[in-house]
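S.K.: Got a file for you: target-v3.csv, CSV, C-alpha atoms.
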```csv
chain,number,residue,atom,x,y,z
A,17,MET,CA,3.0,-11.5,19.8
A,18,PRO,CA,4.3,-9.1,22.6
A,19,GLY,CA,2.7,-5.7,23.1
A,20,ILE,CA,3.6,-3.0,20.5
A,21,THR,CA,5.8,-0.3,21.8
A,22,PHE,CA,6.5,2.8,19.7
A,23,GLN,CA,8.0,6.0,21.1
A,24,PRO,CA,9.1,8.6,18.5
A,25,PRO,CA,12.0,10.7,19.5
A,26,PRO,CA,11.1,14.2,20.8
A,27,TRP,CA,12.6,15.8,17.6
A,28,LEU,CA,10.3,13.6,15.4
A,29,ARG,CA,6.9,13.9,17.1
A,30,ASN,CA,5.6,16.3,14.4
A,31,PRO,CA,3.5,14.3,11.9
A,32,HIS,CA,5.0,16.1,8.9
A,33,LEU,CA,8.5,15.3,10.1
A,34,GLN,CA,7.6,11.7,10.6
A,35,THR,CA,6.2,11.6,7.1
A,36,LEU,CA,9.1,13.4,5.4
A,37,TRP,CA,12.1,12.2,7.4
A,38,PRO,CA,12.3,8.6,6.0
A,39,LYS,CA,11.8,9.8,2.4
A,40,LEU,CA,14.5,12.4,2.6
A,41,PHE,CA,17.1,10.7,4.9
A,42,ARG,CA,16.4,7.0,5.2
A,43,ARG,CA,19.1,4.7,3.8
A,44,ARG,CA,18.0,2.1,1.2
A,45,PRO,CA,19.8,-1.2,1.4
A,46,ALA,CA,21.4,-2.6,-1.8
A,47,LEU,CA,19.3,-5.7,-2.6
A,48,ALA,CA,19.8,-8.1,-5.5
A,49,LEU,CA,16.5,-8.3,-7.3
A,50,GLU,CA,15.1,-10.6,-9.9
A,51,LEU,CA,12.4,-9.1,-12.2
A,52,GLU,CA,9.4,-11.0,-13.5
A,53,ARG,CA,6.6,-9.9,-15.8
A,54,LEU,CA,3.2,-11.5,-15.4
A,55,GLU,CA,0.9,-11.5,-18.4
A,56,LEU,CA,-2.7,-10.8,-17.4
A,57,ALA,CA,-5.8,-12.3,-18.9
A,58,ASP,CA,-6.9,-8.9,-20.3
A,59,SER,CA,-3.6,-8.6,-22.3
A,60,ASP,CA,-2.0,-6.2,-19.9
A,61,PHE,CA,0.9,-7.0,-17.6
A,62,ILE,CA,2.1,-6.5,-14.0
A,63,ASP,CA,5.8,-6.5,-13.1
A,64,LEU,CA,7.2,-8.2,-10.0
A,65,ALA,CA,10.6,-7.8,-8.2
A,66,TRP,CA,11.7,-10.7,-6.2
A,67,ALA,CA,14.5,-10.5,-3.6
A,68,ALA,CA,17.2,-12.8,-5.0
A,69,HIS,CA,18.3,-15.8,-2.8
A,70,GLY,CA,15.2,-15.5,-0.6
A,71,ARG,CA,13.7,-18.6,0.9
A,72,GLY,CA,10.7,-19.4,3.0
A,73,PRO,CA,7.0,-18.3,2.7
A,74,VAL,CA,6.3,-15.8,0.0
A,75,VAL,CA,5.3,-12.3,1.1
A,76,LEU,CA,3.8,-10.0,-1.5
A,77,MET,CA,4.2,-6.2,-1.0
A,78,LEU,CA,1.7,-3.7,-2.5
A,79,PRO,CA,2.8,0.0,-2.7
A,80,GLY,CA,1.0,3.3,-2.3
A,81,LEU,CA,0.0,5.8,-5.0
A,82,GLU,CA,2.7,5.9,-7.7
A,83,GLY,CA,4.9,3.8,-5.5
A,84,ASP,CA,7.8,1.8,-6.9
A,85,LEU,CA,11.1,0.3,-5.7
A,86,ARG,CA,12.4,3.7,-4.8
A,87,SER,CA,9.7,4.3,-2.2
A,88,HIS,CA,11.5,4.7,1.1
A,89,TYR,CA,9.7,1.7,2.8
A,90,VAL,CA,10.2,-0.9,0.1
A,91,LEU,CA,13.8,-2.1,0.2
A,92,PRO,CA,14.3,-1.7,4.0
A,93,LEU,CA,11.1,-3.9,4.6
A,94,MET,CA,12.2,-6.4,2.0
A,95,ALA,CA,15.6,-6.7,3.7
A,96,ALA,CA,13.9,-7.1,7.1
A,97,LEU,CA,11.7,-9.9,5.7
A,98,LEU,CA,14.7,-11.6,4.2
A,99,ARG,CA,16.5,-11.6,7.5
A,100,SER,CA,13.4,-13.1,9.1
A,101,GLY,CA,13.3,-16.1,6.7
A,102,PHE,CA,10.7,-14.9,4.2
A,103,GLN,CA,10.8,-14.6,0.4
A,104,PRO,CA,9.6,-11.0,-0.3
A,105,VAL,CA,8.3,-10.0,-3.7
A,106,PHE,CA,7.3,-6.5,-4.7
A,107,MET,CA,4.2,-6.0,-6.9
A,108,HIS,CA,4.2,-3.0,-9.1
A,109,LEU,CA,0.8,-1.6,-9.8
A,110,ARG,CA,-0.2,-1.3,-13.4
A,111,GLY,CA,2.0,1.2,-15.2
A,112,CYS,CA,4.2,1.9,-12.2
A,113,SER,CA,7.3,-0.2,-13.1
A,114,GLY,CA,8.8,2.4,-15.4
A,115,GLU,CA,6.9,1.2,-18.5
A,116,PRO,CA,3.3,2.4,-19.2
A,117,ASN,CA,0.7,-0.4,-19.1
A,118,ARG,CA,-0.8,-1.4,-22.5
A,119,LEU,CA,-4.5,-0.7,-21.8
A,120,VAL,CA,-6.3,2.6,-21.3
A,121,ARG,CA,-7.4,1.5,-17.8
A,122,SER,CA,-5.1,2.3,-14.9
A,123,TYR,CA,-4.5,1.0,-11.4
A,124,HIS,CA,-6.7,2.4,-8.6
A,125,SER,CA,-7.4,2.0,-4.9
A,126,GLY,CA,-10.0,-0.8,-5.4
A,127,ALA,CA,-8.4,-2.9,-8.2
A,128,VAL,CA,-8.8,-6.2,-6.3
A,129,GLU,CA,-9.0,-8.1,-9.5
A,130,ASP,CA,-5.3,-7.4,-10.2
A,131,LEU,CA,-4.3,-8.7,-6.8
A,132,ALA,CA,-6.5,-11.8,-7.1
A,133,GLU,CA,-5.0,-12.6,-10.5
A,134,VAL,CA,-1.5,-12.2,-9.3
A,135,LEU,CA,-2.2,-14.5,-6.4
A,136,THR,CA,-3.7,-17.1,-8.8
A,137,LEU,CA,-0.8,-16.9,-11.2
A,138,LEU,CA,1.8,-17.3,-8.5
A,139,ARG,CA,-0.1,-20.2,-6.9
A,140,THR,CA,-0.5,-22.1,-10.2
A,141,SER,CA,3.2,-21.6,-10.9
A,142,GLY,CA,4.1,-23.3,-7.6
A,143,ARG,CA,4.8,-20.2,-5.6
A,144,PRO,CA,1.8,-19.6,-3.4
A,145,VAL,CA,1.7,-16.3,-1.5
A,146,ALA,CA,1.5,-16.9,2.2
A,147,ALA,CA,1.0,-13.2,3.3
A,148,ALA,CA,0.6,-9.8,1.8
A,149,ILE,CA,1.6,-6.3,3.0
A,150,GLY,CA,-0.2,-3.2,1.7
A,151,VAL,CA,1.0,0.4,2.2
A,152,SER,CA,-1.3,3.4,1.9
A,153,LEU,CA,-3.3,2.9,-1.4
A,154,GLY,CA,-2.0,-0.7,-1.5
A,155,GLY,CA,-3.3,-1.2,2.0
A,156,ASN,CA,-6.7,0.0,1.0
A,157,LEU,CA,-6.7,-2.4,-1.9
A,158,LEU,CA,-5.5,-5.3,0.3
A,159,LEU,CA,-8.1,-4.7,3.0
A,160,ARG,CA,-10.9,-4.5,0.4
A,161,TYR,CA,-9.7,-7.8,-1.1
A,162,LEU,CA,-9.7,-9.5,2.3
A,163,GLY,CA,-13.2,-8.1,3.2
A,164,MET,CA,-14.6,-9.2,-0.2
A,165,THR,CA,-13.2,-12.7,-0.1
A,166,GLY,CA,-13.7,-13.5,3.6
A,167,ASN,CA,-13.0,-17.1,4.4
A,168,ALA,CA,-12.1,-17.7,0.7
A,169,SER,CA,-9.0,-15.5,0.9
A,170,ARG,CA,-5.9,-17.3,-0.3
A,171,LEU,CA,-3.7,-15.4,2.2
A,172,ARG,CA,-2.7,-16.8,5.6
A,173,ALA,CA,-1.8,-13.4,7.1
A,174,ALA,CA,-1.8,-9.7,6.0
A,175,VAL,CA,-0.5,-6.3,7.2
A,176,ALA,CA,-1.9,-2.9,6.2
A,177,VAL,CA,0.0,0.3,6.9
A,178,SER,CA,-1.3,3.9,6.8
A,179,VAL,CA,-4.5,3.1,5.0
A,180,PRO,CA,-6.9,5.8,3.6
A,181,PHE,CA,-9.9,3.9,4.9
A,182,VAL,CA,-12.4,6.5,3.6
A,183,LEU,CA,-11.1,7.8,0.2
A,184,ALA,CA,-13.4,10.8,0.0
A,185,ASP,CA,-12.2,12.1,3.4
A,186,ALA,CA,-8.6,11.4,2.5
A,187,GLY,CA,-9.1,13.6,-0.6
A,188,ARG,CA,-10.6,16.4,1.5
A,189,ARG,CA,-7.8,16.1,4.1
A,190,LEU,CA,-5.1,16.6,1.5
A,191,GLU,CA,-6.7,19.9,0.5
A,192,ARG,CA,-6.1,21.4,3.9
A,193,GLY,CA,-3.1,23.0,5.6
A,194,GLY,CA,0.3,21.5,5.3
A,195,SER,CA,-1.2,18.4,3.7
A,196,ARG,CA,-1.5,20.3,0.5
A,197,LEU,CA,2.3,19.7,0.1
A,198,TYR,CA,1.6,15.9,-0.4
A,199,GLN,CA,-1.3,16.5,-2.7
A,200,ARG,CA,0.9,18.7,-4.9
A,201,TYR,CA,3.7,16.1,-5.0
A,202,LEU,CA,1.4,13.2,-5.7
A,203,LEU,CA,-0.6,15.1,-8.3
A,204,GLY,CA,2.7,16.0,-10.1
A,205,ARG,CA,3.6,12.4,-10.3
A,206,LEU,CA,0.2,11.3,-11.5
A,207,LYS,CA,0.3,13.9,-14.3
A,208,ARG,CA,3.8,12.8,-15.4
A,209,SER,CA,2.6,9.2,-15.6
A,210,TYR,CA,-0.5,10.2,-17.5
A,211,ARG,CA,1.5,12.2,-20.1
A,212,ARG,CA,4.1,9.4,-20.4
A,213,LYS,CA,1.4,6.8,-21.0
A,214,PHE,CA,-0.7,8.7,-23.5
A,215,HIS,CA,2.3,9.7,-25.4
A,216,VAL,CA,2.6,6.1,-26.3
A,217,ILE,CA,-1.0,5.2,-26.9
A,218,PRO,CA,-3.8,7.5,-28.2
A,219,PRO,CA,-5.6,9.3,-25.3
A,220,SER,CA,-9.2,8.3,-24.7
A,221,LEU,CA,-10.1,11.4,-22.7
A,222,ARG,CA,-10.4,15.1,-23.5
A,223,VAL,CA,-8.8,16.6,-20.5
A,224,ASP,CA,-6.6,19.6,-19.7
A,225,LEU,CA,-4.1,18.4,-17.1
A,226,ASP,CA,-3.0,22.0,-16.3
A,227,ARG,CA,-6.5,22.8,-15.0
A,228,ILE,CA,-6.5,19.9,-12.6
A,229,ARG,CA,-5.4,21.2,-9.2
A,230,THR,CA,-6.6,18.6,-6.7
A,231,LEU,CA,-6.6,14.8,-6.4
A,232,TRP,CA,-10.4,14.9,-6.4
A,233,GLU,CA,-10.3,16.6,-9.8
A,234,TYR,CA,-7.8,14.1,-11.1
A,235,ASP,CA,-10.0,11.2,-9.9
A,236,GLU,CA,-13.2,12.9,-11.3
A,237,HIS,CA,-11.8,13.6,-14.7
A,238,ILE,CA,-9.3,10.7,-15.2
A,239,THR,CA,-9.3,7.9,-12.7
A,240,ALA,CA,-13.0,7.4,-12.6
A,241,PRO,CA,-13.7,7.5,-16.4
A,242,LEU,CA,-10.7,5.3,-17.2
A,243,ASN,CA,-11.8,2.6,-14.8
A,244,GLY,CA,-15.6,2.6,-15.3
A,245,PHE,CA,-16.8,4.7,-12.4
A,246,ALA,CA,-19.4,7.4,-12.7
A,247,GLY,CA,-17.2,10.0,-11.1
A,248,ALA,CA,-14.9,10.6,-8.1
A,249,GLU,CA,-17.6,10.1,-5.5
A,250,ASP,CA,-18.7,6.8,-7.1
A,251,TYR,CA,-15.1,5.6,-7.2
A,252,TYR,CA,-14.6,6.6,-3.5
A,253,ALA,CA,-17.8,5.0,-2.4
A,254,GLN,CA,-17.2,1.7,-4.1
A,255,CYS,CA,-13.5,1.4,-3.3
A,256,SER,CA,-13.0,2.6,0.2
A,257,SER,CA,-11.9,-0.2,2.4
A,258,MET,CA,-13.9,1.0,5.5
A,259,GLY,CA,-17.1,-0.8,4.3
A,260,TYR,CA,-15.2,-4.1,3.9
A,261,LEU,CA,-13.4,-4.3,7.2
A,262,ALA,CA,-16.1,-6.2,9.0
A,263,GLY,CA,-15.8,-9.1,6.6
A,264,ILE,CA,-12.1,-9.8,7.2
A,265,THR,CA,-11.4,-13.1,8.8
A,266,THR,CA,-7.7,-13.5,7.6
A,267,PRO,CA,-5.3,-12.6,10.5
A,268,THR,CA,-4.5,-9.0,9.7
A,269,LEU,CA,-2.5,-6.3,11.4
A,270,VAL,CA,-3.5,-2.7,10.7
A,271,LEU,CA,-0.8,-0.2,11.7
A,272,HIS,CA,-2.0,3.4,11.7
A,273,SER,CA,-1.2,6.7,13.4
A,274,LEU,CA,-3.8,9.2,14.6
A,275,ASP,CA,-1.7,12.1,13.4
A,276,ASP,CA,-1.5,10.8,9.8
A,277,PRO,CA,-1.6,14.0,7.7
A,278,PHE,CA,-3.3,12.1,4.8
A,279,MET,CA,-6.6,11.6,6.7
A,280,TYR,CA,-8.6,12.5,9.7
A,281,PRO,CA,-8.5,10.7,13.1
A,282,HIS,CA,-12.2,10.0,13.0
A,283,ASN,CA,-11.6,7.8,9.9
A,284,VAL,CA,-9.6,5.3,11.9
A,285,PRO,CA,-11.7,2.2,12.5
A,286,ARG,CA,-12.8,1.0,15.9
A,287,THR,CA,-12.7,-2.5,17.1
A,288,ASP,CA,-16.4,-2.9,16.6
A,289,GLN,CA,-16.0,-2.0,12.9
A,290,VAL,CA,-13.5,-4.7,12.0
A,291,GLY,CA,-13.8,-8.4,11.4
A,292,PRO,CA,-12.6,-11.2,13.8
A,293,GLY,CA,-9.3,-11.4,11.9
A,294,VAL,CA,-8.2,-7.8,12.4
A,295,ARG,CA,-5.8,-6.5,15.0
A,296,LEU,CA,-5.6,-2.7,15.3
A,297,ALA,CA,-2.2,-1.2,16.1
A,298,ILE,CA,-3.2,2.4,16.4
A,299,GLN,CA,-0.4,4.8,17.4
A,300,LYS,CA,-0.7,8.4,18.7
A,301,HIS,CA,2.2,9.5,16.5
A,302,GLY,CA,3.8,8.2,13.3
A,303,GLY,CA,2.7,10.4,10.4
A,304,HIS,CA,2.0,8.7,7.1
A,305,VAL,CA,4.2,5.6,6.6
A,306,GLY,CA,6.7,7.1,9.0
A,307,PHE,CA,6.9,5.4,12.4
A,308,VAL,CA,10.5,6.5,12.8
A,309,GLU,CA,12.1,5.6,16.1
A,310,GLY,CA,15.6,6.1,17.7
A,311,ARG,CA,17.3,8.5,20.0
A,312,PHE,CA,19.7,10.1,17.5
A,313,PRO,CA,19.2,11.3,13.9
A,314,TRP,CA,22.1,9.3,12.8
A,315,ARG,CA,20.8,6.1,14.4
A,316,THR,CA,17.1,5.7,13.6
A,317,GLY,CA,15.0,2.7,12.9
A,318,CYS,CA,11.4,2.0,11.8
A,319,LEU,CA,8.6,0.4,13.7
A,320,ILE,CA,7.3,-1.1,10.4
A,321,ASP,CA,10.5,-3.1,9.8
A,322,ARG,CA,10.4,-4.8,13.2
A,323,LEU,CA,6.7,-5.1,13.7
A,324,VAL,CA,5.7,-6.6,10.3
A,325,PRO,CA,8.2,-9.6,10.3
A,326,ALA,CA,7.3,-10.3,13.9
A,327,PHE,CA,3.6,-10.4,13.2
A,328,LEU,CA,4.1,-12.6,10.1
A,329,ARG,CA,6.4,-15.0,12.0
A,330,GLU,CA,3.8,-15.4,14.8
A,331,ARG,CA,0.8,-15.9,12.4
A,332,LEU,CA,2.6,-18.3,10.0
A,333,SER,CA,4.1,-20.3,12.8
A,334,ALA,CA,0.7,-20.6,14.4
A,335,ASP,CA,-0.7,-21.9,11.1
A,336,ALA,CA,2.1,-24.5,11.0
A,337,VAL,CA,1.4,-25.7,14.5
A,338,VAL,CA,-2.3,-26.1,13.7
A,339,SER,CA,-1.6,-27.9,10.5
```
Go ahead and render the structure in this file as structure tokens.
M.R.:
Amino acid sequence: MPGITFQPPPWLRNPHLQTLWPKLFRRRPALALELERLELADSDFIDLAWAAHGRGPVVLMLPGLEGDLRSHYVLPLMAALLRSGFQPVFMHLRGCSGEPNRLVRSYHSGAVEDLAEVLTLLRTSGRPVAAAIGVSLGGNLLLRYLGMTGNASRLRAAVAVSVPFVLADAGRRLERGGSRLYQRYLLGRLKRSYRRKFHVIPPSLRVDLDRIRTLWEYDEHITAPLNGFAGAEDYYAQCSSMGYLAGITTPTLVLHSLDDPFMYPHNVPRTDQVGPGVRLAIQKHGGHVGFVEGRFPWRTGCLIDRLVPAFLRERLSADAVVS
């Protein structure tokens, strides 16, 4: 794979502009999608969205916090994967497909059992997943899965973008400066989802949502108890991907920017902290899931859309040659 070149335009070097520009101005392609519901062993479900008419190796996409098909990176990347000869499929996390999940438990940053079950269900139905892409929270989940499974991973390649490697530090970063804008936005979405879900099923927690002002408080009072953790710090300690990176042997590309406003630069892993399968593509600029490039505002592109298919083509082609 050739060297990675990324040069943001002068008018988009600011990390907040890189983060917000694609959400506000990026065009989403019109893709024909086929929806599928997978029934899980615990009586819950996960919804998938397949790109219709796709052929080739199956590539599973995992979104960030409260992510869905409207997230700015999803449809453009699915379209790029289609053009490159892949069959992309988007995995909604529990309760994020527009319908609350059935159980009291929710999705979270370390729910590797959901990913593992989806991979198994697709394999047993004759549609094995060749590669996976995780963005933000989904990237943390994916890296944790890869580190936990090691050589037993069922994936031949993986990509993780803008990952909160150390969840506790990411929470603290979102309480500072301009990053509080993202915390307010995400917290609003989480609260709406919570109210929608527990309007349908009886609530299991006594909590006043109006008094929760930070993501740490939300995780302390809601995410942790709903998912069997002792509290936010226990949740963060168990589910942060940083402690699992050294165990990754699957060929994995990690794309991250040092100016990501969701975390600190010192949380970015070094080469001596990752396993033999990991390639670090650390950029000076790019914001959070931004990486917008192009000379003119009316003609921009995204590093993610050209880098991810190229990496997957290289890795899966190499596998085919070895086989």
S.K.: Hey, which of A:Ser125, A:Ser178, A:Thr268, A:Gln23 ends up closest to A:Val294? Count all atoms listed in the file.
M.R.: A:Thr268
S.K.: When distances are computed from only C-alpha atoms, which of A:Leu190, A:Val74, A:Leu91, A:Phe214 shows the smallest separation from A:Gly142?
M.R.: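 Nearest candidate to A:Gly142 out of A:Leu190, A:Val74, A:Leu91, A:Phe214: A:Val74.
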S.K.: Nearest residue to A:Phe181 out of A:Ala326, A:Leu261, A:Val128, A:Leu242, using only C-alpha atoms?
M.R.: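 The answer is A:Leu261, which sits nearest to A:Phe181.
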S.K.: Residues within 10 Å of A:Ala95, please, as a short mmCIF file (atom, residue, chain, number, x, y, z; two decimals) with C-alpha atoms, in the coordinates of the input. Count all atoms listed in the file; anything in the same chain fewer than 2 positions from it doesn't count.
M.R.:
```
data_model
loop_
_atom_site.label_atom_id
_atom_site.label_comp_id
_atom_site.auth_asym_id
_atom_site.auth_seq_id
_atom_site.Cartn_x
_atom_site.Cartn_y
_atom_site.Cartn_z
CA ARG A 44 18.00 2.10 1.20
CA PRO A 45 19.80 -1.20 1.40
CA ALA A 46 21.40 -2.60 -1.80
CA LEU A 47 19.30 -5.70 -2.60
CA ALA A 67 14.50 -10.50 -3.60
CA GLY A 70 15.20 -15.50 -0.60
CA VAL A 90 10.20 -0.90 0.10
CA LEU A 91 13.80 -2.10 0.20
CA PRO A 92 14.30 -1.70 4.00
CA LEU A 93 11.10 -3.90 4.60
CA LEU A 97 11.70 -9.90 5.70
CA LEU A 98 14.70 -11.60 4.20
CA ARG A 99 16.50 -11.60 7.50
CA SER A 100 13.40 -13.10 9.10
CA PHE A 102 10.70 -14.90 4.20
CA GLN A 103 10.80 -14.60 0.40
CA PRO A 104 9.60 -11.00 -0.30
CA ASP A 321 10.50 -3.10 9.80
#
```
S.K.: Counting all atoms listed in the file, figure out which residue out of A:Pro38, A:Gly166, A:Gly291, A:Pro277 gets nearest to A:Arg192.
M.R.: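 Checking each of A:Pro38, A:Gly166, A:Gly291, A:Pro277 against A:Arg192, counting all atoms listed in the file, the winner is A:Pro277.
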S.K.: I'd like the interatomic distance between atom CA of A:Ile62 and atom CA of A:Gly83, to a tenth of an Å.
M.R.: 13.6 Å
S.K.: Please, can stretch 89-114 of chain A be completed to N, CA and C atoms and returned as a short mmCIF file (atom, residue, chain, number, x, y, z; two decimals), in the frame of the given file?
M.R.:
```
data_model
loop_
_atom_site.label_atom_id
_atom_site.label_comp_id
_atom_site.auth_asym_id
_atom_site.auth_seq_id
_atom_site.Cartn_x
_atom_site.Cartn_y
_atom_site.Cartn_z
N TYR A 89 10.03 2.88 1.95
CA TYR A 89 9.70 1.70 2.80
C TYR A 89 9.98 0.40 2.14
N VAL A 90 10.17 0.37 0.83
CA VAL A 90 10.20 -0.90 0.10
C VAL A 90 11.40 -1.74 0.38
N LEU A 91 12.57 -1.26 0.02
CA LEU A 91 13.80 -2.10 0.20
C LEU A 91 14.13 -2.36 1.64
N PRO A 92 13.99 -1.38 2.57
CA PRO A 92 14.30 -1.70 4.00
C PRO A 92 13.34 -2.84 4.49
N LEU A 93 12.05 -2.81 4.11
CA LEU A 93 11.10 -3.90 4.60
C LEU A 93 11.44 -5.18 3.91
N MET A 94 11.79 -5.16 2.64
CA MET A 94 12.20 -6.40 2.00
C MET A 94 13.40 -7.01 2.64
N ALA A 95 14.36 -6.17 3.01
CA ALA A 95 15.60 -6.70 3.70
C ALA A 95 15.20 -7.26 5.05
N ALA A 96 14.30 -6.60 5.79
CA ALA A 96 13.90 -7.10 7.10
C ALA A 96 13.16 -8.45 6.95
N LEU A 97 12.36 -8.60 5.91
CA LEU A 97 11.70 -9.90 5.70
C LEU A 97 12.65 -10.97 5.31
N LEU A 98 13.65 -10.63 4.51
CA LEU A 98 14.70 -11.60 4.20
C LEU A 98 15.39 -12.12 5.42
N ARG A 99 15.77 -11.20 6.30
CA ARG A 99 16.50 -11.60 7.50
C ARG A 99 15.60 -12.48 8.41
N SER A 100 14.29 -12.35 8.28
CA SER A 100 13.40 -13.10 9.10
C SER A 100 12.95 -14.44 8.47
N GLY A 101 13.55 -14.78 7.34
CA GLY A 101 13.30 -16.10 6.70
C GLY A 101 12.14 -16.12 5.74
N PHE A 102 11.77 -14.96 5.18
CA PHE A 102 10.70 -14.90 4.20
C PHE A 102 11.28 -14.67 2.80
N GLN A 103 10.44 -14.91 1.80
CA GLN A 103 10.80 -14.60 0.40
C GLN A 103 9.89 -13.42 -0.02
N PRO A 104 10.42 -12.19 0.07
CA PRO A 104 9.60 -11.00 -0.30
C PRO A 104 9.59 -10.80 -1.80
N VAL A 105 8.44 -10.35 -2.28
CA VAL A 105 8.30 -10.00 -3.70
C VAL A 105 7.45 -8.71 -3.76
N PHE A 106 7.92 -7.77 -4.54
CA PHE A 106 7.30 -6.50 -4.70
C PHE A 106 6.41 -6.46 -5.93
N MET A 107 5.15 -6.09 -5.78
CA MET A 107 4.20 -6.00 -6.90
C MET A 107 4.03 -4.59 -7.35
N HIS A 108 4.53 -4.27 -8.56
CA HIS A 108 4.20 -3.00 -9.10
C HIS A 108 2.76 -2.91 -9.53
N LEU A 109 2.10 -1.82 -9.26
CA LEU A 109 0.80 -1.60 -9.80
C LEU A 109 0.86 -1.33 -11.28
N ARG A 110 -0.24 -1.49 -11.99
CA ARG A 110 -0.20 -1.30 -13.40
C ARG A 110 0.42 0.04 -13.83
N GLY A 111 1.42 -0.02 -14.69
CA GLY A 111 2.00 1.20 -15.20
C GLY A 111 3.02 1.88 -14.30
N CYS A 112 3.36 1.26 -13.16
CA CYS A 112 4.20 1.90 -12.20
C CYS A 112 5.65 1.30 -12.15
N SER A 113 5.98 0.44 -13.11
CA SER A 113 7.30 -0.20 -13.10
C SER A 113 8.29 0.46 -14.02
N GLY A 114 7.94 1.65 -14.53
CA GLY A 114 8.80 2.40 -15.40
C GLY A 114 8.42 2.24 -16.89
#
```
